[in-house]
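Colleague: Before anything else, here's the structure in question.
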Amino acid sequence: MTTLADKPVEALAAPEAVEELERLVKAIAEADRLYHQEDAPELTDAEYDALRRRNTAIEARFPRLKRPDSPSDRVAPGPAEGFAKVRHSRPMLSLGNAFDAEDAREFDRRVRRFLNLGDDDVVELVAEPKIDGLSAALRYENGRLVQGATRGDGTEGENITRNLETLDDIPKTLPDGVPDVLEVRGEVYMRIDDFAALNTRQAEAGGKIFANPRNAAAGSLRQLDVRITASRPLKFFAYFWGEVSEDIADTHWGFLEKLNAWGFVTNPLARRCATIEAALAVYDEVGRQRATLPYDIDGVVYKVNRLDWQARLGMVSRAPRWAIAHKFKAEQAETTLLAIEIQVGRTGALTPVARLEPVKVGGVVVSNATLHNEDEIHRKDIREGDRVILQRAGDVIPQVVRVVTEKRPEGSREYAFPQSCPECGSDAVRPEGEVIRRCTGGLICPAQAVERLKHFVSRDAFDIEGLGAKQVEAFWRDGLVKRPGDIFRLAQHRDTILEREGWGEKSVDNLLAAIEVRRVIGLDRLIYALGIRQVGQATARLLAANYGTLDALRVAMHAAHDSESEAYADLVNIDQIGSSVAQDLTDFFAEAHNTDVLDDLAAELSVEAFAAPTASDRPVAGKTVVFTGTLATMGRGEAKARAEALGAKVAGSVSKKTDYVIVGADAGSKAKKAEALDVPILSEEEWLTLIGNGSLTD
Ligand code: IVH
């Protein structure tokens with residue numbers, strides 16, 4: 001099946017282009033967020049570039065359809081929350097790319113044309129490695145480091161002065177004679193061996209594993225707790241300047257020499273080149289050394305050496321005309337794919353991994369590669385036994401680029417992605433429009449159970465005193481608690497627990513007493529504790545209010561598995577519950593393993609119906625209401641919150657079950673539908689009178 005996403009740009013009709021541009025803006029924004037703010041990219045560089053290229057190509061074909069929020073107008077997303085913002089004195093630019101020697105020669109010709117120079121004039125260049133890290137700006141006033149910032153979107157970054165101060169490579173004070181104001185820019189990076197050691201430590205401590213040295217550097221630098229940054233092995237190469245109160249040098253090379261003299265580290269592989277051909281020779285030489293360099297680089301930057309020429313050349317669309325990044329080709333190798341294995345993550349995501357005959361790519365022996373997801377396997381038609389081309393492009397985890405179909409063994413079969421979880425056998429489902437298939441047996445699946453149990457006992461869920469994440473993990477390891485119901489049978493293991501380190505008579509008795517207290521639990525807390533995808537506290541409360549008892553909820557969710565059913569219509573008619581949440585809910589209750597776990601748990605508990613206010617002085621308690629049009633005295637959010645505080649259910653659309661429709665100005669079809677169904681219609685004033693002007697604190 002070909003989807004719109006696969007359709008060539010030339011073949012798109014305008015409405016399809018609109019749809020594609022919308023999809024792309026979302027996909028790129030999400031990828032940017034994961035990359036820059038979470039330091040956890042899910043796309044390879046090549047996949048990401050492909051999205052941006054497609055977006056640009058569609059915009060070029062349909063210029064009028066270009067969106068105001070088009071990613072082509074942005075370099076990178078703005079600062080993450082948590083750090084103060086810093087406006088850069090001069091924008092932090094990006095670099096244009098050259099992908100081959102011809103692109104690089106064209107750069108040289110462009111420079112000459114712009115400066116009106118002939119072929120015989122010497123345009124000296126500096127060639128230096130392009131470090132794969134993240135750029136930072138250091139501001140010195142009167143020789144003291146006063147501010148350090150990330151690049152952010154190039155105009156505005158984050159103030160990470162205290163973090164940058166922890167780097168040994170960054171001088172805190174400069175020798176006499178430096179300009180009063182001096183802003184030095186450069187790249188923060190992590191060495192490959194330091195990165196590997198950090199990941200080992202992280203794995204042992206159960207911390208976050210970084211995908212590559214660049215992400216490790218970014219994640220380590222942008223820590224609100226600077227002690228964490230200080231404990232990470234970050235380094236810095238200086239290569240450029242921002243605001244300066246006086247001229248420093250006549251050439252880039254001279255500037256680098258000054259930086260060295262002032263105590264900054266500059267890259268030792270930088271070379272002065274009389275011609276572009278000499279620069280290309282540096283590119284080849286650095287390329288040869290790449291696999292054995294202690295840090296990742298992704299190209300060589302060529303910069304016009306004379307600063308007066310740099311000034312004349314200026315910049316175009318956020319990149320200087322006087323510099324270009326000549327990128328390295330991703331390193332590739334061929335090997336045999338021995339097997340496709342499915343790993344189940346802590347959130348239940350099924351991720352395919354390629355087990356490979358070990359092969360060297362870019363100086364590293366690899367025996368595993370990520371296959372991303374089901375679609376990716378099918379798109380590339382990757383099969384067990386295939387010869388495949390691997391690529392390592394900056395990322396430590398290599399990618400399978402393509403299959404060498406000519407070498408496909410006879411009798412090979414298309415890969416069938418498992419429909420059930422390889423860890424626990426529960427159904428693995430893939431909601432429409434999503435790429436990831438997930439195991440629905442969260443509460444029993446060994447890959448997920450510990451995380452789920454931790455959530456189960458967390459503060460907003462069962463909140464059992466003395467039973468935190470640490471204890472849950474230990475009980476899980478010892479086999480005492482495998483599923484939630486086991487918690488309530490811990491008393492049977494009193495002696496076993498007593499033998500464990502850290503437990504005494506008193507603490508065990510306290511724990512068992514705390515568990516007893518929680519045998520009585522509110523329905524909303526119980527629903528939340530189940531850890532169903534997308535079901536947070538607010539949704540749990542809505543469900544509890546709407547269904548009242550655990551049995552009613554279970555019956556309804558079971559029935560709602562059929563999306564044609566009335567139960568399903570009722571479910572999605574609850575305001576804020578859309579089809580995606582509904583799917584996660586009904587999938588959860590349809591999975592037999594979950595039903596077992598729930599039966600087992602329910603037998604231990606006494607579940608209290610949701611304590612919705614029902615007193616007669618609350619005339620709207622239990623009523624279903626719909627707001628439509630613009631309200632005069634309050635926003636929609638407040639209206640809804642007030643109604644809910646009084647025990648009403650707020651629905652999104654009008655049906656026979658609606659008790660009141662409250663109409664504001666410019667109400668449209670909902671008011672008409674209410675009329676047609678004979679549902680009482682109230683003005684905003686009438687509604688306020690009915691609820692006694694009920695305020696939120698009622
Ligand atoms: S010069 C105005 N030199 O590459 C030009 N950039 O793709 C400023 N980078 O944002 C950049 N190594 O983070 C320059 N030797 C180097 C570099 C380098 C890495 C990064 C830098 C920049 C990005 C642009």
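Naming works like this for the structure tokens: A, B, ... for the chains as they're shown, residue 1 at the start of each chain, ligands 1 onward in shown order.
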Taking only C-alpha atoms and all ligand atoms into account, which residues have an atom no farther than 10 Å from ligand 1? I'd like them as a PyMOL selection string.
Modeller: chain A and resi 75+91-97+126-136+150-151+154+185-189+237-242+266-267+270+297-303+314-315+318-325+327
Colleague: Just N, CA and C atoms for this one: save the residues we selected as a compact mmCIF listing (two decimals), in the first residue's frame.
Modeller:
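Output below, filename part-v5.txt:
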# COMPACT_ATOMS: atom_id res chain seq x y z
N VAL A 75 15.76 27.61 11.93
CA VAL A 75 16.99 26.82 11.91
C VAL A 75 16.85 25.67 12.89
N PRO A 91 23.81 37.31 15.77
CA PRO A 91 23.18 35.99 15.64
C PRO A 91 24.22 34.88 15.52
N MET A 92 23.88 33.71 16.05
CA MET A 92 24.76 32.55 15.89
C MET A 92 24.33 31.84 14.62
N LEU A 93 25.21 31.84 13.64
CA LEU A 93 24.83 31.40 12.31
C LEU A 93 24.98 29.89 12.13
N SER A 94 24.38 29.42 11.05
CA SER A 94 24.64 28.04 10.67
C SER A 94 25.53 28.07 9.42
N LEU A 95 25.85 26.92 8.88
CA LEU A 95 26.75 26.87 7.73
C LEU A 95 26.05 26.20 6.55
N GLY A 96 26.35 26.71 5.36
CA GLY A 96 25.89 26.02 4.17
C GLY A 96 26.69 24.74 4.00
N ASN A 97 26.16 23.79 3.23
CA ASN A 97 26.83 22.51 3.08
C ASN A 97 27.37 22.29 1.67
N VAL A 126 41.02 28.72 5.48
CA VAL A 126 41.40 27.89 6.61
C VAL A 126 40.46 26.69 6.59
N ALA A 127 41.04 25.50 6.62
CA ALA A 127 40.22 24.29 6.66
C ALA A 127 40.34 23.72 8.06
N GLU A 128 39.21 23.49 8.70
CA GLU A 128 39.26 22.92 10.05
C GLU A 128 38.12 21.93 10.24
N PRO A 129 38.33 20.92 11.08
CA PRO A 129 37.28 19.90 11.25
C PRO A 129 35.98 20.51 11.75
N LYS A 130 34.89 19.97 11.28
CA LYS A 130 33.58 20.38 11.79
C LYS A 130 33.25 19.43 12.94
N ILE A 131 33.28 19.97 14.14
CA ILE A 131 33.10 19.16 15.34
C ILE A 131 31.62 18.84 15.52
N ASP A 132 31.31 17.59 15.81
CA ASP A 132 29.91 17.21 15.99
C ASP A 132 29.52 17.37 17.46
N GLY A 133 29.26 18.60 17.82
CA GLY A 133 28.87 18.87 19.21
C GLY A 133 27.77 19.90 19.20
N LEU A 134 27.80 20.82 20.16
CA LEU A 134 26.80 21.89 20.12
C LEU A 134 27.50 23.20 20.40
N SER A 135 27.08 24.24 19.71
CA SER A 135 27.84 25.48 19.82
C SER A 135 27.44 26.25 21.07
N ALA A 136 28.40 27.01 21.56
CA ALA A 136 28.18 27.81 22.76
C ALA A 136 28.88 29.15 22.57
N THR A 150 23.80 28.85 25.11
CA THR A 150 23.64 27.92 24.00
C THR A 150 23.23 28.71 22.78
N ARG A 151 23.20 28.06 21.67
CA ARG A 151 22.82 28.74 20.45
C ARG A 151 21.31 28.98 20.36
N GLY A 154 19.49 30.59 17.34
CA GLY A 154 20.44 31.43 16.64
C GLY A 154 20.33 32.89 17.05
N ARG A 185 33.18 32.02 20.51
CA ARG A 185 32.22 30.96 20.21
C ARG A 185 32.95 29.68 19.82
N GLY A 186 32.32 28.58 20.06
CA GLY A 186 32.97 27.31 19.73
C GLY A 186 32.04 26.16 20.01
N GLU A 187 32.62 24.98 20.04
CA GLU A 187 31.81 23.76 20.11
C GLU A 187 32.08 22.99 21.40
N VAL A 188 31.02 22.68 22.13
CA VAL A 188 31.13 21.80 23.29
C VAL A 188 30.93 20.37 22.77
N TYR A 189 31.78 19.45 23.18
CA TYR A 189 31.67 18.08 22.67
C TYR A 189 32.12 17.10 23.74
N PHE A 237 36.16 23.31 21.90
CA PHE A 237 37.06 23.88 20.89
C PHE A 237 36.54 25.27 20.53
N ALA A 238 37.42 26.26 20.58
CA ALA A 238 37.02 27.61 20.18
C ALA A 238 37.29 27.80 18.69
N TYR A 239 36.37 28.46 17.95
CA TYR A 239 36.62 28.67 16.52
C TYR A 239 36.07 29.96 15.94
N PHE A 240 35.41 30.78 16.75
CA PHE A 240 34.80 31.97 16.15
C PHE A 240 34.57 33.01 17.23
N TRP A 241 34.15 34.19 16.85
CA TRP A 241 33.86 35.22 17.84
C TRP A 241 32.49 35.83 17.59
N GLY A 242 31.98 36.50 18.59
CA GLY A 242 30.72 37.22 18.44
C GLY A 242 31.03 38.70 18.56
N THR A 266 42.08 25.33 20.54
CA THR A 266 41.56 25.33 19.17
C THR A 266 41.93 23.98 18.55
N ASN A 267 41.28 23.65 17.46
CA ASN A 267 41.51 22.31 16.92
C ASN A 267 42.88 22.20 16.26
N ALA A 270 43.46 22.19 12.22
CA ALA A 270 43.16 23.33 11.34
C ALA A 270 44.39 23.63 10.49
N ILE A 297 33.58 13.97 14.19
CA ILE A 297 33.49 15.14 13.32
C ILE A 297 32.61 14.75 12.15
N ASP A 298 31.94 15.72 11.55
CA ASP A 298 31.08 15.32 10.43
C ASP A 298 31.41 16.04 9.14
N GLY A 299 32.58 16.68 9.10
CA GLY A 299 33.00 17.33 7.86
C GLY A 299 34.19 18.23 8.12
N VAL A 300 34.53 19.01 7.10
CA VAL A 300 35.59 20.00 7.24
C VAL A 300 35.00 21.34 6.83
N VAL A 301 35.26 22.37 7.66
CA VAL A 301 34.73 23.71 7.34
C VAL A 301 35.81 24.49 6.63
N TYR A 302 35.46 25.12 5.51
CA TYR A 302 36.40 26.01 4.82
C TYR A 302 35.98 27.44 5.11
N LYS A 303 36.94 28.25 5.56
CA LYS A 303 36.63 29.65 5.88
C LYS A 303 37.59 30.57 5.14
N GLY A 314 29.75 38.93 4.01
CA GLY A 314 28.53 38.96 4.82
C GLY A 314 27.81 37.62 4.85
N MET A 315 26.49 37.68 5.00
CA MET A 315 25.78 36.41 5.10
C MET A 315 24.52 36.41 4.27
N ARG A 318 20.97 33.37 7.05
CA ARG A 318 21.50 32.88 8.33
C ARG A 318 22.78 32.06 8.22
N ALA A 319 23.44 32.09 7.08
CA ALA A 319 24.73 31.41 6.97
C ALA A 319 25.72 32.36 6.31
N PRO A 320 26.99 32.32 6.74
CA PRO A 320 27.96 33.24 6.15
C PRO A 320 28.29 32.85 4.71
N ARG A 321 28.53 33.87 3.84
CA ARG A 321 28.95 33.56 2.47
C ARG A 321 30.41 33.14 2.45
N TRP A 322 31.14 33.45 3.55
CA TRP A 322 32.59 33.21 3.55
C TRP A 322 33.00 31.84 4.11
N ALA A 323 32.01 31.00 4.40
CA ALA A 323 32.37 29.68 4.93
C ALA A 323 31.42 28.63 4.39
N ILE A 324 31.90 27.40 4.36
CA ILE A 324 31.03 26.30 3.95
C ILE A 324 31.49 25.02 4.68
N ALA A 325 30.53 24.15 4.97
CA ALA A 325 30.88 22.88 5.62
C ALA A 325 30.88 21.78 4.57
N LYS A 327 30.74 18.20 3.98
CA LYS A 327 30.34 17.07 4.83
C LYS A 327 31.02 15.77 4.40
Colleague: Would you mind listing what lies within 8 Å of Glu243 (chain A) as a list in words, with only C-alpha atoms counted and same-chain residues fewer than 3 positions away left out?
Modeller: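 Neighbouring residues, sequence-local ones excluded: Ser89, Arg90, Val181, Leu182 and Glu183 of chain A.
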Colleague: Any chance you can output those residues with N, CA and C atoms as a CSV table (one decimal), in the first residue's frame?
Modeller:
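After the write, out21.csv holds the following:
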chain,number,residue,atom,x,y,z
A,89,SER,N,24.3,38.8,21.0
A,89,SER,CA,24.6,40.2,20.5
A,89,SER,C,24.7,40.2,19.0
A,90,ARG,N,25.2,39.1,18.4
A,90,ARG,CA,25.2,38.9,17.0
A,90,ARG,C,24.7,37.5,16.8
A,181,VAL,N,35.4,43.8,25.8
A,181,VAL,CA,34.3,42.9,25.5
A,181,VAL,C,34.8,41.9,24.5
A,182,LEU,N,34.7,40.6,24.8
A,182,LEU,CA,35.2,39.6,23.9
A,182,LEU,C,34.2,38.4,24.0
A,183,GLU,N,33.6,38.1,22.9
A,183,GLU,CA,32.7,36.9,22.9
A,183,GLU,C,33.3,35.8,22.0
Colleague: Pick out each residue of region 346-593 of chain A that DSSP on the backbone tags as helix (DSSP H, G or I); I need them as a VMD selection string.
Modeller: chain A and resid 374 to 379 405 to 407 449 to 456 469 to 477 484 to 487 490 to 499 505 to 517 523 to 529 537 to 547 550 to 559 566 to 573 579 to 590 592 to 593
Colleague: Considering only C-alpha atoms, return as an mmCIF file with N, CA and C atoms, in the first residue's frame whatever protein or nucleic-acid residues lie within 9 Å of Val388 (chain A), sequence-local ones (same chain, fewer than 6 positions apart) excluded.
Modeller:
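Done, and the output landed in result.cif:
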data_model
loop_
_atom_site.group_PDB
_atom_site.id
_atom_site.type_symbol
_atom_site.label_atom_id
_atom_site.label_comp_id
_atom_site.auth_asym_id
_atom_site.auth_seq_id
_atom_site.Cartn_x
_atom_site.Cartn_y
_atom_site.Cartn_z
ATOM 1 N N ALA A 333 29.114 -0.202 5.173
ATOM 2 C CA ALA A 333 29.727 -1.527 5.075
ATOM 3 C C ALA A 333 28.622 -2.526 4.778
ATOM 4 N N GLU A 334 29.023 -3.686 4.236
ATOM 5 C CA GLU A 334 28.025 -4.712 3.920
ATOM 6 C C GLU A 334 28.193 -5.901 4.859
ATOM 7 N N THR A 335 27.084 -6.463 5.297
ATOM 8 C CA THR A 335 27.155 -7.657 6.136
ATOM 9 C C THR A 335 25.856 -8.452 6.027
ATOM 10 N N THR A 336 25.794 -9.570 6.763
ATOM 11 C CA THR A 336 24.587 -10.400 6.727
ATOM 12 C C THR A 336 23.713 -10.123 7.942
ATOM 13 N N LEU A 337 22.430 -9.986 7.669
ATOM 14 C CA LEU A 337 21.480 -9.819 8.765
ATOM 15 C C LEU A 337 21.082 -11.219 9.240
ATOM 16 N N ILE A 382 13.217 -5.620 4.383
ATOM 17 C CA ILE A 382 14.364 -6.246 5.034
ATOM 18 C C ILE A 382 13.949 -7.628 5.532
ATOM 19 N N VAL A 400 20.424 0.338 8.993
ATOM 20 C CA VAL A 400 20.438 -0.477 7.788
ATOM 21 C C VAL A 400 19.930 0.408 6.661
ATOM 22 N N VAL A 401 20.785 0.697 5.681
ATOM 23 C CA VAL A 401 20.391 1.610 4.617
ATOM 24 C C VAL A 401 19.517 0.912 3.589
ATOM 25 N N ARG A 402 19.982 -0.268 3.155
ATOM 26 C CA ARG A 402 19.195 -0.987 2.151
ATOM 27 C C ARG A 402 19.641 -2.441 2.101
ATOM 28 N N VAL A 403 18.838 -3.211 1.371
ATOM 29 C CA VAL A 403 19.157 -4.619 1.188
ATOM 30 C C VAL A 403 19.865 -4.769 -0.154
ATOM 31 N N VAL A 404 20.869 -5.651 -0.214
ATOM 32 C CA VAL A 404 21.486 -5.952 -1.503
ATOM 33 C C VAL A 404 20.656 -7.081 -2.101
ATOM 34 N N THR A 405 19.614 -6.702 -2.838
ATOM 35 C CA THR A 405 18.628 -7.714 -3.263
ATOM 36 C C THR A 405 19.241 -8.764 -4.192
#
Colleague: Env of region 589-597 of chain A: 8 Å cut, atoms = only C-alpha atoms, seq-sep filter 4 positions within chain, self excluded. Answer as a list of chain:residue names.
Modeller: A:Ser426, A:Asp427, A:Thr440, A:Gly441, A:Gly442, A:Leu443, A:Ile444, A:Arg483, A:Pro484, A:Gly485, A:Arg554, A:Met557, A:His558, A:His561, A:Leu585, A:Leu601
Colleague: Could you please take those selected residues and save C-alpha atoms as a PDB file, in the first residue's frame?
Modeller:
ATOM      1  CA  SER A 426      -0.254 -10.163  25.214  1.00  0.00           C
ATOM      2  CA  ASP A 427      -1.708  -8.542  22.114  1.00  0.00           C
ATOM      3  CA  THR A 440      -1.047  -4.093  25.902  1.00  0.00           C
ATOM      4  CA  GLY A 441      -0.112  -6.364  28.810  1.00  0.00           C
ATOM      5  CA  GLY A 442       1.662  -3.656  30.745  1.00  0.00           C
ATOM      6  CA  LEU A 443       0.825  -4.945  34.181  1.00  0.00           C
ATOM      7  CA  ILE A 444       2.191  -8.430  33.644  1.00  0.00           C
ATOM      8  CA  ARG A 483       1.502  -7.951  39.818  1.00  0.00           C
ATOM      9  CA  PRO A 484      -0.436  -5.304  41.726  1.00  0.00           C
ATOM     10  CA  GLY A 485      -2.633  -7.774  43.645  1.00  0.00           C
ATOM     11  CA  ARG A 554     -15.208  -2.588  32.834  1.00  0.00           C
ATOM     12  CA  MET A 557     -14.938  -0.514  28.129  1.00  0.00           C
ATOM     13  CA  HIS A 558     -15.442  -4.048  27.004  1.00  0.00           C
ATOM     14  CA  HIS A 561     -14.077  -2.153  21.996  1.00  0.00           C
ATOM     15  CA  LEU A 585      -8.601   2.372  26.971  1.00  0.00           C
ATOM     16  CA  LEU A 601      -6.528  -6.983  42.239  1.00  0.00           C
TER      17      LEU A 601
END
Colleague: Extract, using only C-alpha atoms, all DNA, RNA and protein residues at most 7 Å from Pro41 (chain A), discarding same-chain residues fewer than 3 positions from it, and format them as a PyMOL selection string.
Modeller: chain A and resi 31+34-35
Colleague: Taking only C-alpha atoms into account, produce a table as a Markdown table in which each residue of region 571-635 of chain A with an atom at most 7 Å from an atom of region 518-530 of chain A appears once, together with its shortest atom pair and the distance in Å to one decimal, ordered by chain and rising number.
Modeller:
| residue | atom | partner | partner_atom | distance |
| --- | --- | --- | --- | --- |
| A:Glu604 | CA | A:Arg519 | CA | 6.8 |
| A:Leu605 | CA | A:Arg519 | CA | 4.8 |
| A:Ser606 | CA | A:Val520 | CA | 4.8 |
| A:Val607 | CA | A:Ile521 | CA | 5.1 |
| A:Glu608 | CA | A:Gly522 | CA | 4.7 |
| A:Ala609 | CA | A:Leu523 | CA | 5.7 |
| A:Phe610 | CA | A:Leu523 | CA | 5.6 |
Colleague: Could you save those same residues with N, CA and C atoms as a compact mmCIF listing (two decimals), in the first residue's frame?
Modeller:
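Output saved as result_17.txt:
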# COMPACT_ATOMS: atom_id res chain seq x y z
N GLU A 604 -8.89 -8.05 46.11
CA GLU A 604 -8.19 -7.59 47.32
C GLU A 604 -8.72 -6.26 47.82
N LEU A 605 -9.49 -5.56 46.97
CA LEU A 605 -9.81 -4.16 47.26
C LEU A 605 -11.28 -3.92 47.51
N SER A 606 -11.52 -2.79 48.12
CA SER A 606 -12.88 -2.31 48.16
C SER A 606 -12.85 -0.94 47.47
N VAL A 607 -13.43 -0.91 46.28
CA VAL A 607 -13.31 0.31 45.46
C VAL A 607 -14.48 1.24 45.73
N GLU A 608 -14.15 2.45 46.11
CA GLU A 608 -15.20 3.43 46.39
C GLU A 608 -15.63 4.10 45.11
N ALA A 609 -16.95 4.26 44.97
CA ALA A 609 -17.44 4.98 43.80
C ALA A 609 -16.88 6.39 43.84
N PHE A 610 -16.77 7.00 42.69
CA PHE A 610 -16.20 8.34 42.63
C PHE A 610 -17.06 9.30 43.42
Colleague: Just want the 12 Å neighbourhood of region 195-202 of chain A, counted on only C-alpha atoms, with same-chain residues fewer than 6 positions away dropped. Output as a list in words.
Modeller: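 Near region 195-202 of chain A, the qualifying residues are Tyr189, Lys208, Ile209, Phe210, Ala211, Asn212, Pro213, Arg214, Asn215, Ala216, Ala217, Ala218, Gly219, Ser220, Ile228, Ser231, Arg232, Pro233, Leu234, Lys235, Pro294, Tyr295, Asp296 and Val396 of chain A.
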Colleague: I need the residues in region 270-384 of chain A that are strand (DSSP E) according to DSSP; give them as a ChimeraX atom specification.
Modeller: /A:271-273,297-304,315-316,319-320,323-327,331-344,350-361,364-370
